[in-house]
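What follows is final_36.cif (mmCIF, C-alpha atoms).
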data_model
loop_
_atom_site.label_atom_id
_atom_site.label_comp_id
_atom_site.auth_asym_id
_atom_site.auth_seq_id
_atom_site.Cartn_x
_atom_site.Cartn_y
_atom_site.Cartn_z
CA MET A 19 75.88 115.51 98.14
CA GLU A 20 75.33 118.78 100.02
CA ALA A 21 72.65 116.96 102.03
CA LEU A 22 75.48 115.19 103.89
CA ASP A 23 76.63 118.55 105.26
CA SER A 24 73.59 118.80 107.48
CA ILE A 25 73.57 115.26 108.93
CA SER A 26 74.72 115.46 112.55
CA GLY A 27 77.40 113.01 113.66
CA ILE A 28 79.29 113.22 110.36
CA ILE A 29 82.75 114.68 110.98
CA GLY A 30 83.80 114.65 107.36
CA TYR A 31 83.12 112.83 104.13
CA ALA A 32 84.77 111.95 100.84
CA LEU A 33 83.36 111.05 97.44
CA VAL A 34 85.35 108.71 95.24
CA ASN A 35 84.62 107.91 91.63
CA ALA A 36 83.71 104.22 91.42
CA GLN A 37 85.08 103.87 87.88
CA ASP A 38 88.63 105.17 88.24
CA GLY A 39 89.03 105.53 92.01
CA SER A 40 89.74 109.25 91.78
CA ILE A 41 88.84 111.40 94.78
CA GLU A 42 86.10 113.80 93.69
CA GLU A 43 85.48 115.70 96.89
CA VAL A 44 86.56 115.79 100.54
CA LYS A 45 84.59 117.93 102.97
CA GLY A 46 84.42 118.48 106.70
CA ALA A 47 86.82 118.62 109.61
CA SER A 48 88.33 115.14 109.55
CA ALA A 49 92.06 115.06 110.28
CA ALA A 50 92.50 111.64 108.62
CA PRO A 51 93.11 111.21 104.87
CA ILE A 52 89.53 110.03 104.33
CA GLY A 53 89.70 110.42 100.55
CA GLU A 54 92.61 107.96 100.28
CA LEU A 55 91.12 105.63 102.88
CA THR A 56 87.83 105.51 100.97
CA ALA A 57 89.50 104.91 97.61
CA PHE A 58 92.02 102.31 98.83
CA PHE A 59 89.73 100.30 101.06
CA PHE A 60 86.79 100.19 98.73
CA SER A 61 88.99 98.81 95.97
CA ALA A 62 90.49 96.34 98.48
CA GLY A 63 86.90 95.39 99.36
CA GLU A 64 86.10 94.77 95.70
CA VAL A 65 88.94 92.23 95.45
CA ILE A 66 88.13 90.60 98.79
CA LYS A 67 84.42 90.24 97.98
CA ASN A 68 85.36 88.20 94.91
CA SER A 69 87.91 86.11 96.81
CA LEU A 70 85.45 85.21 99.55
CA SER A 71 82.29 85.19 97.37
CA MET A 72 80.61 87.78 99.56
CA GLY A 73 78.14 89.18 97.03
CA GLU A 74 77.95 92.93 96.40
CA ILE A 75 79.52 95.14 99.07
CA ASP A 76 76.99 96.89 101.31
CA CYS A 77 79.42 98.68 103.56
CA VAL A 78 83.08 98.68 104.55
CA SER A 79 84.04 100.08 107.96
CA LEU A 80 87.47 101.00 109.28
CA TRP A 81 88.28 101.95 112.84
CA TYR A 82 91.29 104.16 113.62
CA GLY A 83 91.92 106.14 116.80
CA SER A 84 88.52 107.28 118.08
CA TYR A 85 86.93 107.26 114.66
CA ARG A 86 85.16 105.00 112.21
CA LEU A 87 85.04 105.46 108.47
CA LEU A 88 81.94 104.03 106.80
CA ILE A 89 82.44 103.41 103.10
CA LEU A 90 79.22 102.98 101.13
CA PRO A 91 78.56 102.49 97.44
CA TYR A 92 76.27 105.22 96.14
CA ASP A 93 75.33 105.26 92.45
CA SER A 94 78.55 105.86 90.57
CA THR A 95 80.52 106.90 93.64
CA TYR A 96 81.73 105.56 96.94
CA ILE A 97 81.03 107.72 99.95
CA GLY A 98 83.45 107.58 102.89
CA VAL A 99 81.89 109.07 106.01
CA GLU A 100 83.84 109.62 109.23
CA ILE A 101 81.89 109.26 112.47
CA GLU A 102 82.73 108.56 116.11
CA GLY A 103 84.19 105.07 116.52
CA ASP A 104 81.76 103.82 119.12
CA LYS A 105 78.63 105.28 117.53
CA GLU A 106 76.05 102.88 116.12
CA PRO A 107 75.91 103.90 112.44
CA LYS A 108 72.48 102.58 111.46
CA GLU A 109 70.70 105.92 111.73
CA ILE A 110 73.45 107.78 109.85
CA ILE A 111 73.49 105.17 107.07
CA GLU A 112 69.72 105.50 106.68
CA LYS A 113 70.01 109.28 106.49
CA ILE A 114 72.79 109.02 103.90
CA ARG A 115 70.75 106.64 101.77
CA LEU A 116 67.83 109.04 101.96
CA SER A 117 70.00 112.08 101.54
CA GLU A 118 68.90 112.85 98.01
CA LYS A 119 65.42 113.20 99.40
CA VAL A 120 64.68 115.79 102.04
CA VAL A 121 66.54 115.20 105.29
CA LYS A 122 64.17 115.87 108.14
CA LYS A 123 64.97 119.21 109.67
CA THR A 124 65.23 119.31 113.44
CA LYS A 125 64.86 122.44 115.50
CA ILE A 126 68.24 123.43 116.89
CA GLU A 127 68.47 125.36 120.11
CA LEU A 128 71.72 127.13 120.81
CA PRO A 129 72.73 129.15 123.85
CA PRO A 130 73.61 132.80 123.08
CA SER A 131 77.27 132.18 123.99
CA ILE A 132 77.56 129.70 121.12
CA THR A 133 75.36 131.62 118.67
CA SER A 134 77.51 134.74 118.96
CA LYS A 135 80.73 132.80 118.40
CA ILE A 136 79.32 131.07 115.33
CA GLN A 137 78.17 134.42 113.97
CA GLN A 138 81.60 135.92 114.64
CA ILE A 139 83.35 133.07 112.82
CA ASN A 140 81.08 133.37 109.78
CA LEU A 141 81.57 137.13 109.63
CA LEU A 142 85.34 136.70 109.99
CA VAL A 143 85.51 134.18 107.16
CA ASP A 144 83.36 136.43 104.96
CA GLU A 145 85.46 139.48 105.77
CA LEU A 146 88.85 137.77 105.43
CA GLY A 147 87.95 135.77 102.33
CA GLY A 148 85.99 138.41 100.46
CA LYS A 149 84.84 137.10 97.09
CA GLU A 150 88.12 135.69 95.86
CA GLU A 151 89.68 133.95 98.88
CA ARG A 152 86.56 132.57 100.43
CA SER A 153 87.37 128.89 99.74
CA HIS A 154 90.89 129.33 101.19
CA TRP A 155 89.50 130.65 104.47
CA ARG A 156 86.71 128.07 104.46
CA ASN A 157 89.35 125.33 104.14
CA LEU A 158 91.35 126.84 106.98
CA LEU A 159 88.20 126.93 109.07
CA ASN A 160 87.56 123.24 108.38
CA GLN A 161 91.15 122.32 109.23
CA CYS A 162 91.19 124.20 112.51
CA LEU A 163 87.77 122.80 113.46
CA GLY A 164 89.34 119.34 113.31
CA ILE A 165 92.38 120.41 115.32
CA LEU A 166 90.92 122.78 117.89
CA GLY A 167 87.22 122.01 117.92
CA GLY A 168 87.27 118.66 119.75
CA ASP A 169 83.80 117.11 120.01
CA ILE A 170 82.27 120.14 118.36
CA VAL A 171 83.01 118.58 114.95
CA LEU A 172 80.19 116.12 115.58
CA TYR A 173 77.67 118.95 115.82
CA VAL A 174 78.76 121.54 113.28
CA GLY A 175 79.34 121.68 109.59
CA VAL A 176 79.60 124.11 106.71
CA ILE A 177 76.05 124.27 105.37
CA ASN A 178 75.29 126.55 102.43
CA ASP A 179 78.74 128.10 102.85
CA LYS A 180 78.19 128.99 106.51
CA LEU A 181 79.35 127.32 109.70
CA ALA A 182 76.21 126.03 111.39
CA PHE A 183 75.04 123.55 113.99
CA LYS A 184 73.44 120.35 112.70
CA ALA A 185 72.08 119.30 116.09
CA THR A 186 71.51 120.84 119.49
CA PRO A 187 74.71 120.49 121.52
CA PRO A 188 74.50 118.84 124.95
CA LYS A 189 74.29 121.33 127.82
CA ASP A 190 77.28 119.89 129.64
CA LYS A 191 79.47 120.58 126.61
CA GLU A 192 78.56 124.25 126.30
CA GLU A 193 81.64 125.61 128.05
CA ASP A 194 83.98 123.31 126.12
CA PHE A 195 82.34 124.26 122.82
CA VAL A 196 82.59 127.97 123.61
CA GLN A 197 86.29 127.50 124.39
CA GLY A 198 86.75 125.58 121.14
CA LEU A 199 85.02 128.27 119.09
CA ARG A 200 87.08 130.93 120.88
CA SER A 201 90.27 129.09 119.91
CA ILE A 202 89.10 128.97 116.31
CA ILE A 203 88.47 132.72 116.31
CA ASP A 204 91.97 133.28 117.78
CA PHE A 205 93.45 131.07 115.11
CA LEU A 206 91.66 132.90 112.27
CA ILE A 207 92.80 136.28 113.59
CA LYS A 208 96.42 135.15 114.04
CA ARG A 209 96.37 133.66 110.58
CA ALA A 210 94.96 136.90 109.19
CA VAL A 211 97.88 138.83 110.71
CA VAL A 212 100.34 136.42 109.07
CA GLU A 213 98.65 136.46 105.66
CA LEU A 214 97.40 140.04 105.40
CA GLY A 215 99.68 141.99 107.72
CA SER A 216 98.67 143.46 111.05
CA SER A 217 97.02 146.69 109.86
CA GLU A 218 94.78 145.04 107.25
CA ALA A 219 93.94 142.21 109.64
CA ARG A 220 93.06 144.73 112.36
CA ALA A 221 90.78 146.64 109.96
CA LYS A 222 88.96 143.45 108.97
CA VAL A 223 88.53 142.33 112.58
CA GLN A 224 87.24 145.81 113.41
CA ALA A 225 84.72 145.53 110.58
CA VAL A 226 83.48 142.27 112.08
CA ILE A 227 83.16 143.86 115.51
CA GLU A 228 81.08 146.67 113.97
CA LYS A 229 78.78 144.15 112.28
CA MET A 230 78.36 142.24 115.55
CA LYS A 231 77.03 145.34 117.34
CA MET B 24 98.39 75.72 119.76
CA GLU B 25 96.94 78.70 117.88
CA GLN B 26 94.68 76.43 115.84
CA ASP B 27 93.24 75.01 119.05
CA VAL B 28 92.43 78.51 120.18
CA LEU B 29 90.73 79.29 116.86
CA ASN B 30 88.71 76.06 116.99
CA ARG B 31 87.63 76.87 120.51
CA PHE B 32 86.38 80.30 119.41
CA GLU B 33 84.62 78.80 116.43
CA LYS B 34 82.73 76.52 118.82
CA ARG B 35 81.85 79.56 120.93
CA GLY B 36 80.15 81.11 117.89
CA LEU B 37 82.88 82.86 115.88
CA PRO B 38 82.47 81.41 112.37
CA SER B 39 85.51 80.55 110.19
CA ALA B 40 87.98 82.12 112.60
CA PHE B 41 91.46 82.73 111.19
CA SER B 42 94.74 84.48 111.71
CA VAL B 43 97.09 85.64 108.98
CA THR B 44 100.46 87.36 109.30
CA LYS B 45 102.14 89.90 107.06
CA THR B 46 104.49 87.14 105.88
CA GLY B 47 101.47 85.13 104.69
CA ALA B 48 101.33 82.49 107.44
CA VAL B 49 97.72 81.41 107.80
CA VAL B 50 96.13 79.48 110.66
CA THR B 51 92.44 78.70 110.52
CA ALA B 52 89.77 77.05 112.57
CA GLN B 53 88.15 73.91 111.18
CA GLY B 54 85.43 75.87 109.36
CA ALA B 55 87.89 77.87 107.26
CA GLN B 56 90.30 75.07 106.28
CA LEU B 57 89.08 75.00 102.68
CA ILE B 58 89.63 78.71 102.10
CA ARG B 59 93.16 79.08 103.48
CA SER B 60 94.57 80.41 100.22
CA GLU B 61 91.73 82.97 99.93
CA ILE B 62 92.46 84.10 103.48
CA ALA B 63 96.15 84.46 102.61
CA GLN B 64 95.10 86.68 99.71
CA VAL B 65 92.83 88.76 101.96
CA GLY B 66 95.75 89.26 104.36
CA MET B 67 98.07 90.29 101.55
CA ILE B 68 95.57 92.84 100.21
CA ILE B 69 94.96 94.34 103.64
CA PHE B 70 98.66 94.64 104.52
CA GLU B 71 99.43 96.14 101.10
CA THR B 72 96.59 98.65 101.45
CA ILE B 73 97.67 99.69 104.92
CA GLY B 74 101.30 99.89 103.74
CA ALA B 75 100.24 102.30 100.99
CA LEU B 76 98.76 104.64 103.60
CA GLY B 77 102.05 105.17 105.45
CA ASP B 78 101.88 105.61 109.21
CA MET B 79 98.11 105.35 109.54
CA LYS B 80 97.14 102.85 112.26
CA ILE B 81 93.98 100.91 111.45
CA ASN B 82 92.58 98.89 114.36
CA ARG B 83 89.62 97.04 112.86
CA ILE B 84 88.01 96.40 109.49
CA GLU B 85 84.49 95.20 108.72
CA MET B 86 83.36 94.31 105.21
CA LEU B 87 79.73 93.44 104.68
CA GLY B 88 78.63 91.88 101.42
CA ASP B 89 75.14 90.76 100.37
CA THR B 90 75.76 87.19 101.41
CA LYS B 91 78.86 87.17 103.61
CA GLY B 92 80.81 89.43 105.89
CA VAL B 93 84.35 89.50 107.18
CA LEU B 94 85.62 91.08 110.39
CA MET B 95 89.30 91.73 111.05
CA GLU B 96 91.14 92.82 114.21
CA LEU B 97 94.59 94.11 113.40
CA ALA B 98 97.46 93.50 115.79
CA GLY B 99 100.61 94.90 114.25
CA GLU B 100 101.72 92.40 111.62
CA GLN B 101 98.95 89.93 112.34
CA ILE B 102 95.25 89.90 111.56
CA PHE B 103 92.63 87.94 113.50
CA GLY B 104 89.42 87.50 111.58
CA SER B 105 86.12 85.78 111.07
CA ILE B 106 84.07 85.11 107.93
CA PHE B 107 80.36 84.69 108.43
CA ASN B 108 77.18 84.20 106.41
CA ARG B 109 74.82 87.14 106.65
CA THR B 110 71.93 85.08 107.83
CA GLN B 111 69.09 86.45 109.91
CA GLY B 112 69.82 86.57 113.57
CA ILE B 113 73.56 87.09 113.28
CA VAL B 114 74.63 89.81 115.71
CA ILE B 115 77.79 91.42 114.41
CA ASN B 116 78.58 93.12 117.72
CA ASN B 117 78.69 89.71 119.39
CA LEU B 118 81.18 88.52 116.78
CA TRP B 119 83.34 91.59 117.44
CA THR B 120 83.34 90.79 121.16
CA LEU B 121 84.50 87.23 120.46
CA LEU B 122 87.11 88.45 118.01
CA GLY B 123 88.46 90.91 120.57
CA ASP B 124 88.74 88.05 123.09
CA LEU B 125 90.48 85.91 120.47
CA LYS B 126 93.02 88.65 119.79
CA ARG B 127 93.75 89.07 123.49
CA GLN B 128 94.03 85.35 124.16
CA SER B 129 96.23 84.70 121.14
CA ALA B 130 98.48 87.58 122.10
CA ALA B 131 98.78 86.10 125.59
CA ILE B 132 99.72 82.68 124.20
CA ILE B 133 102.01 83.47 121.31
CA GLY B 134 102.81 87.16 121.83
CA PRO B 135 101.93 89.87 119.34
CA ALA B 136 103.59 89.36 115.98
CA GLU B 137 105.08 92.84 115.81
CA GLU B 138 106.78 92.62 119.17
CA PRO B 139 109.44 89.92 119.36
CA ARG B 140 109.93 88.88 122.98
CA GLU B 141 113.68 89.43 122.86
CA LYS B 142 113.20 93.14 122.19
CA PRO B 143 110.80 94.63 124.71
CA LYS B 144 109.45 98.08 123.91
CA THR B 145 110.28 100.96 126.20
CA LEU B 146 107.39 102.30 128.23
CA TYR B 147 106.97 105.98 128.95
CA THR B 148 105.23 107.91 131.69
CA TRP B 149 103.13 111.04 132.02
CA SER B 150 106.32 113.07 132.50
CA THR B 151 107.10 112.44 128.81
CA LEU B 152 103.72 113.87 127.90
CA ASP B 153 104.36 116.86 130.16
CA ARG B 154 107.60 117.46 128.24
CA VAL B 155 105.65 117.14 125.00
CA GLN B 156 103.33 119.93 126.14
CA GLU B 157 106.24 122.13 127.22
CA ILE B 158 107.85 121.86 123.78
CA MET B 159 104.53 122.44 122.04
CA LYS B 160 103.95 125.58 124.05
CA ALA B 161 107.00 127.18 122.46
CA TYR B 162 105.53 126.58 119.02
CA VAL B 163 101.75 126.76 119.23
CA GLY B 164 101.38 128.82 122.43
CA ASP B 165 97.81 129.08 123.70
CA PHE B 166 96.61 126.40 121.31
CA THR B 167 98.74 123.77 123.07
CA GLU B 168 96.16 122.51 125.52
CA ARG B 169 93.38 122.05 122.99
CA ILE B 170 95.57 120.46 120.35
CA PHE B 171 97.12 118.12 122.91
CA LYS B 172 93.79 117.16 124.48
CA ASN B 173 92.04 116.63 121.14
CA GLN B 174 94.84 114.51 119.70
CA LEU B 175 95.12 112.49 122.91
CA LYS B 176 91.47 111.61 122.46
CA SER B 177 91.46 111.07 118.73
CA GLN B 178 94.60 108.89 118.79
CA ARG B 179 93.22 106.91 121.75
CA LEU B 180 96.56 106.97 123.50
CA ASN B 181 96.65 104.52 126.38
CA VAL B 182 98.23 106.76 129.02
CA ASP B 183 98.59 103.87 131.46
CA GLU B 184 100.86 102.02 129.06
CA LEU B 185 102.67 104.47 126.85
CA LYS B 186 104.54 102.52 124.20
CA GLU B 187 107.11 104.08 121.93
CA GLU B 188 105.19 103.29 118.72
CA ASP B 189 102.06 104.93 120.16
CA ILE B 190 103.90 108.06 121.27
CA ARG B 191 105.58 108.22 117.87
CA ARG B 192 102.17 108.11 116.19
CA PHE B 193 100.86 110.71 118.65
CA ILE B 194 103.78 113.03 117.91
CA GLY B 195 103.14 112.57 114.19
CA ALA B 196 99.53 113.68 114.70
CA LEU B 197 100.62 116.65 116.83
CA GLY B 198 103.11 117.68 114.14
CA LYS B 199 100.41 117.50 111.49
CA ALA B 200 98.02 119.55 113.61
CA ALA B 201 100.70 122.13 114.40
CA THR B 202 101.46 122.49 110.69
CA THR B 203 97.99 123.97 110.15
CA ILE B 204 98.65 126.55 112.84
CA ILE B 205 102.31 127.47 112.30
CA GLY B 206 103.10 126.25 108.79
CA PRO B 207 105.04 123.23 107.50
CA SER B 208 108.62 124.15 108.40
CA LYS B 209 107.87 125.11 112.02
CA GLY B 210 105.50 122.14 112.30
CA ARG B 211 108.27 119.79 111.17
CA GLU B 212 110.75 121.46 113.53
CA MET B 213 108.38 120.92 116.45
CA LYS B 214 107.81 117.30 115.48
CA ASP B 215 111.56 116.64 115.23
CA LYS B 216 112.11 118.19 118.65
CA LEU B 217 109.34 116.04 120.12
CA LEU B 218 110.78 112.89 118.58
CA LYS B 219 114.06 113.59 120.38
CA LEU B 220 112.20 112.90 123.64
CA LEU B 221 112.07 109.23 122.70
CA LYS B 222 114.85 107.17 124.20
#

Please rewrite the model in this file as structure tokens.
Amino acid sequence: MEALDSISGIIGYALVNAQDGSIEEVKGASAAPIGELTAFFFSAGEVIKNSLSMGEIDCVSLWYGSYRLLILPYDSTYIGVEIEGDKEPKEIIEKIRLSEKVVKKTKIELPPSITSKIQQINLLVDELGGKEERSHWRNLLNQCLGILGGDIVLYVGVINDKLAFKATPPKDKEEDFVQGLRSIIDFLIKRAVVELGSSEARAKVQAVIEKMK
Amino acid sequence: MEQDVLNRFEKRGLPSAFSVTKTGAVVTAQGAQLIRSEIAQVGMIIFETIGALGDMKINRIEMLGDTKGVLMELAGEQIFGSIFNRTQGIVINNLWTLLGDLKRQSAAIIGPAEEPREKPKTLYTWSTLDRVQEIMKAYVGDFTERIFKNQLKSQRLNVDELKEEDIRRFIGALGKAATTIIGPSKGREMKDKLLKLLK
């Protein structure tokens, strides 16, 4: 379901096996336990649909805090997709249902201030993770996106193993997004010092600076 | 009294309106009288599912089947809901508006189920949130402002009416966020310190 990675407005998603309810995959920057929510509420939906003779379930939605989780049956899985709570989901649902086909690519225009931060983050993750620890640093990146990124999580995602924008960010959010990305860079560097020690972390950060030149 | 309210909303266009409590007490409008036991079962399943998730606060649930749908507004230990046929022309957003009104009106008449009148909840002010930020600063430093601001938004904290249960949930979310930055033991320490701010 890599196609979901590039649909803007999706904060995170989970895939749950429809047969045994096991969580197969959770991706994105959601801070909520979307795997468990998807598994628990779809099975609750299965019981309720029989009780109330509702026919086959099309969609289950949950609202919590500022978010909405859309749970959709999809072949042999359930997909739980977290979006903004007050967003009309029709367009996203259509894109998800078409996601095995080609999702229409839109031209994304980013200001240089954002492009350079995104590049810096991707280089940092590559440098810190190397070949063996890449998924660890990618997970950390996803976690801190959810915590420090704010609204940026609606516009970015990890696509083909790189942090990238899925839609052009609004102009009035540019400063906030730059601040968010700066915080994420700070976090990755501080974490590198803790995990690798200050001299190795400094060398890796220096390598990124060289590549940015 | 509550049944009158439900009947009134049913007449206004909210089909098969109902309320069900965690203890299994069901009240329905006229249109849902024949499915009271099914509604009790729905309530039980929802409360059990939410219970299994721990301290996660779910506000609303919508289940859409091929032929019918059910909407539920959660108010602590009570659910207000509506079951409708998925016929052409039904506007789900209109049903949500009515259900929101029903929840507010019922709460005004009978009081929310989770808040017995004899035990009013303590309200907090912005100064509590200022203290929260001060404590956070000692743990997550420069990340304080962004974590605080993002969680304030994502938890939809009503800063004009800060209830203890909401602040508790907010602190839980802050603790979880801090854990990513400073690790589990420091994150727990910060959360415990924040919880001490509650009276």

Run the PyMOL selection byres ((chain A and resi 174) around 12) on the file and write out the hits as a PDB file with C-alpha atoms, in the frame of the given file.
ATOM      1  CA  LEU A  22      75.480 115.190 103.890  1.00  0.00           C
ATOM      2  CA  ASP A  23      76.630 118.550 105.260  1.00  0.00           C
ATOM      3  CA  SER A  24      73.590 118.800 107.480  1.00  0.00           C
ATOM      4  CA  ILE A  25      73.570 115.260 108.930  1.00  0.00           C
ATOM      5  CA  SER A  26      74.720 115.460 112.550  1.00  0.00           C
ATOM      6  CA  GLY A  27      77.400 113.010 113.660  1.00  0.00           C
ATOM      7  CA  ILE A  28      79.290 113.220 110.360  1.00  0.00           C
ATOM      8  CA  ILE A  29      82.750 114.680 110.980  1.00  0.00           C
ATOM      9  CA  GLY A  30      83.800 114.650 107.360  1.00  0.00           C
ATOM     10  CA  GLY A  46      84.420 118.480 106.700  1.00  0.00           C
ATOM     11  CA  ALA A  47      86.820 118.620 109.610  1.00  0.00           C
ATOM     12  CA  ILE A 126      68.240 123.430 116.890  1.00  0.00           C
ATOM     13  CA  LEU A 128      71.720 127.130 120.810  1.00  0.00           C
ATOM     14  CA  ILE A 132      77.560 129.700 121.120  1.00  0.00           C
ATOM     15  CA  THR A 133      75.360 131.620 118.670  1.00  0.00           C
ATOM     16  CA  ILE A 136      79.320 131.070 115.330  1.00  0.00           C
ATOM     17  CA  LEU A 159      88.200 126.930 109.070  1.00  0.00           C
ATOM     18  CA  ASN A 160      87.560 123.240 108.380  1.00  0.00           C
ATOM     19  CA  LEU A 163      87.770 122.800 113.460  1.00  0.00           C
ATOM     20  CA  GLY A 164      89.340 119.340 113.310  1.00  0.00           C
ATOM     21  CA  GLY A 167      87.220 122.010 117.920  1.00  0.00           C
ATOM     22  CA  GLY A 168      87.270 118.660 119.750  1.00  0.00           C
ATOM     23  CA  ASP A 169      83.800 117.110 120.010  1.00  0.00           C
ATOM     24  CA  ILE A 170      82.270 120.140 118.360  1.00  0.00           C
ATOM     25  CA  VAL A 171      83.010 118.580 114.950  1.00  0.00           C
ATOM     26  CA  LEU A 172      80.190 116.120 115.580  1.00  0.00           C
ATOM     27  CA  TYR A 173      77.670 118.950 115.820  1.00  0.00           C
ATOM     28  CA  GLY A 175      79.340 121.680 109.590  1.00  0.00           C
ATOM     29  CA  VAL A 176      79.600 124.110 106.710  1.00  0.00           C
ATOM     30  CA  ILE A 177      76.050 124.270 105.370  1.00  0.00           C
ATOM     31  CA  LYS A 180      78.190 128.990 106.510  1.00  0.00           C
ATOM     32  CA  LEU A 181      79.350 127.320 109.700  1.00  0.00           C
ATOM     33  CA  ALA A 182      76.210 126.030 111.390  1.00  0.00           C
ATOM     34  CA  PHE A 183      75.040 123.550 113.990  1.00  0.00           C
ATOM     35  CA  LYS A 184      73.440 120.350 112.700  1.00  0.00           C
ATOM     36  CA  ALA A 185      72.080 119.300 116.090  1.00  0.00           C
ATOM     37  CA  THR A 186      71.510 120.840 119.490  1.00  0.00           C
ATOM     38  CA  PRO A 187      74.710 120.490 121.520  1.00  0.00           C
ATOM     39  CA  PHE A 195      82.340 124.260 122.820  1.00  0.00           C
ATOM     40  CA  GLY A 198      86.750 125.580 121.140  1.00  0.00           C
ATOM     41  CA  LEU A 199      85.020 128.270 119.090  1.00  0.00           C
TER      42      LEU A 199
END

remark   = Thr72 of chain B proximity check over A:Pro129, A:Pro188, A:Gly63, A:Gly103, using only C-alpha atoms: winner is A:Gly63

Once you count all atoms listed in the file, what closest atom pair and distance in Å to one decimal does each residue of chain A within 8 Å of chain B have, with rows by chain and rising residue number, as CSV?
residue,atom,partner,partner_atom,distance
A:Glu54,CA,B:Leu76,CA,7.7
A:Leu55,CA,B:Leu76,CA,7.7
A:Phe58,CA,B:Thr72,CA,6.4
A:Phe59,CA,B:Thr72,CA,7.1
A:Ala62,CA,B:Ile68,CA,6.4
A:Gly63,CA,B:Met86,CA,6.9
A:Ile66,CA,B:Val65,CA,6.0
A:Lys67,CA,B:Gly88,CA,6.9
A:Ser69,CA,B:Glu61,CA,5.8
A:Leu70,CA,B:Glu61,CA,6.7
A:Ser71,CA,B:Lys91,CA,7.4
A:Met72,CA,B:Lys91,CA,4.5
A:Gly73,CA,B:Asp89,CA,4.8
A:Glu74,CA,B:Gly88,CA,5.2
A:Ile75,CA,B:Gly88,CA,4.1
A:Asp76,CA,B:Gly88,CA,5.3
A:Cys77,CA,B:Leu87,CA,5.4
A:Val78,CA,B:Met86,CA,4.4
A:Ser79,CA,B:Glu85,CA,5.0
A:Leu80,CA,B:Ile84,CA,4.6
A:Trp81,CA,B:Arg83,CA,5.1
A:Tyr82,CA,B:Ile81,CA,4.7
A:Gly83,CA,B:Gln178,CA,4.3
A:Ser84,CA,B:Ser177,CA,4.8
A:Tyr85,CA,B:Ser177,CA,7.2
A:Leu158,CA,B:Thr203,CA,7.9
A:Gln161,CA,B:Thr203,CA,7.1
A:Cys162,CA,B:Thr203,CA,7.2
A:Ile165,CA,B:Ala200,CA,6.0
A:Leu166,CA,B:Arg169,CA,5.7
A:Gly167,CA,B:Asn173,CA,7.9
A:Gly168,CA,B:Asn173,CA,5.4
A:Gly198,CA,B:Arg169,CA,7.7
A:Ser201,CA,B:Phe166,CA,7.0
A:Phe205,CA,B:Ile204,CA,7.3
A:Arg209,CA,B:Ile204,CA,7.8

inquiry  = Would you compute the distance between atom CA of Leu221 of chain B and atom CA of Ile190 of chain B? Give it in Å to one decimal.
reply    =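 Interatomic distance, atom CA of Leu221 of chain B to atom CA of Ile190 of chain B: 8.4 Å.
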
message = Suppose a student applies the PyMOL selection byres ((chain B and resi 51) around 8) to this structure; what residues should they get, written as JSON, numbers by chain?
response = {"B": [26, 29, 30, 39, 40, 41, 42, 49, 50, 52, 53, 54, 55, 56, 59]}

task = Could you tell me how far atom CA of Glu212 of chain B lies from atom CA of Glu157 of chain B, in Å and to one decimal?
result =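 Computed distance, atom CA of Glu212 of chain B to atom CA of Glu157 of chain B, equals 14.4 Å.
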
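Atom pair atom CA of Asp144 of chain A / atom CA of Val226 of chain A: separated by 9.2 Å.
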
N, CA and C atoms are what I want for segment 163-172 of chain A; can you complete it accordingly and write them as a PDB file, in the coordinates of the input?
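Result saved to rebuild-v1.pdb:
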ATOM      1  N   LEU A 163      88.866 123.459 112.724  1.00  0.00           N
ATOM      2  CA  LEU A 163      87.770 122.800 113.460  1.00  0.00           C
ATOM      3  C   LEU A 163      88.207 121.414 113.906  1.00  0.00           C
ATOM      4  N   GLY A 164      88.871 120.690 112.992  1.00  0.00           N
ATOM      5  CA  GLY A 164      89.340 119.340 113.310  1.00  0.00           C
ATOM      6  C   GLY A 164      90.418 119.338 114.378  1.00  0.00           C
ATOM      7  N   ILE A 165      91.244 120.381 114.394  1.00  0.00           N
ATOM      8  CA  ILE A 165      92.380 120.410 115.320  1.00  0.00           C
ATOM      9  C   ILE A 165      92.003 120.992 116.668  1.00  0.00           C
ATOM     10  N   LEU A 166      91.209 122.062 116.641  1.00  0.00           N
ATOM     11  CA  LEU A 166      90.920 122.780 117.890  1.00  0.00           C
ATOM     12  C   LEU A 166      89.504 122.558 118.411  1.00  0.00           C
ATOM     13  N   GLY A 167      88.632 122.090 117.544  1.00  0.00           N
ATOM     14  CA  GLY A 167      87.220 122.010 117.920  1.00  0.00           C
ATOM     15  C   GLY A 167      86.881 120.908 118.907  1.00  0.00           C
ATOM     16  N   GLY A 168      87.614 119.790 118.883  1.00  0.00           N
ATOM     17  CA  GLY A 168      87.270 118.660 119.750  1.00  0.00           C
ATOM     18  C   GLY A 168      85.927 118.065 119.329  1.00  0.00           C
ATOM     19  N   ASP A 169      85.081 117.766 120.305  1.00  0.00           N
ATOM     20  CA  ASP A 169      83.800 117.110 120.010  1.00  0.00           C
ATOM     21  C   ASP A 169      82.837 117.977 119.212  1.00  0.00           C
ATOM     22  N   ILE A 170      83.172 119.243 119.086  1.00  0.00           N
ATOM     23  CA  ILE A 170      82.270 120.140 118.360  1.00  0.00           C
ATOM     24  C   ILE A 170      82.101 119.695 116.899  1.00  0.00           C
ATOM     25  N   VAL A 171      83.107 118.994 116.365  1.00  0.00           N
ATOM     26  CA  VAL A 171      83.010 118.580 114.950  1.00  0.00           C
ATOM     27  C   VAL A 171      81.841 117.631 114.701  1.00  0.00           C
ATOM     28  N   LEU A 172      81.337 117.021 115.751  1.00  0.00           N
ATOM     29  CA  LEU A 172      80.190 116.120 115.580  1.00  0.00           C
ATOM     30  C   LEU A 172      78.890 116.898 115.418  1.00  0.00           C
TER      31      LEU A 172
END
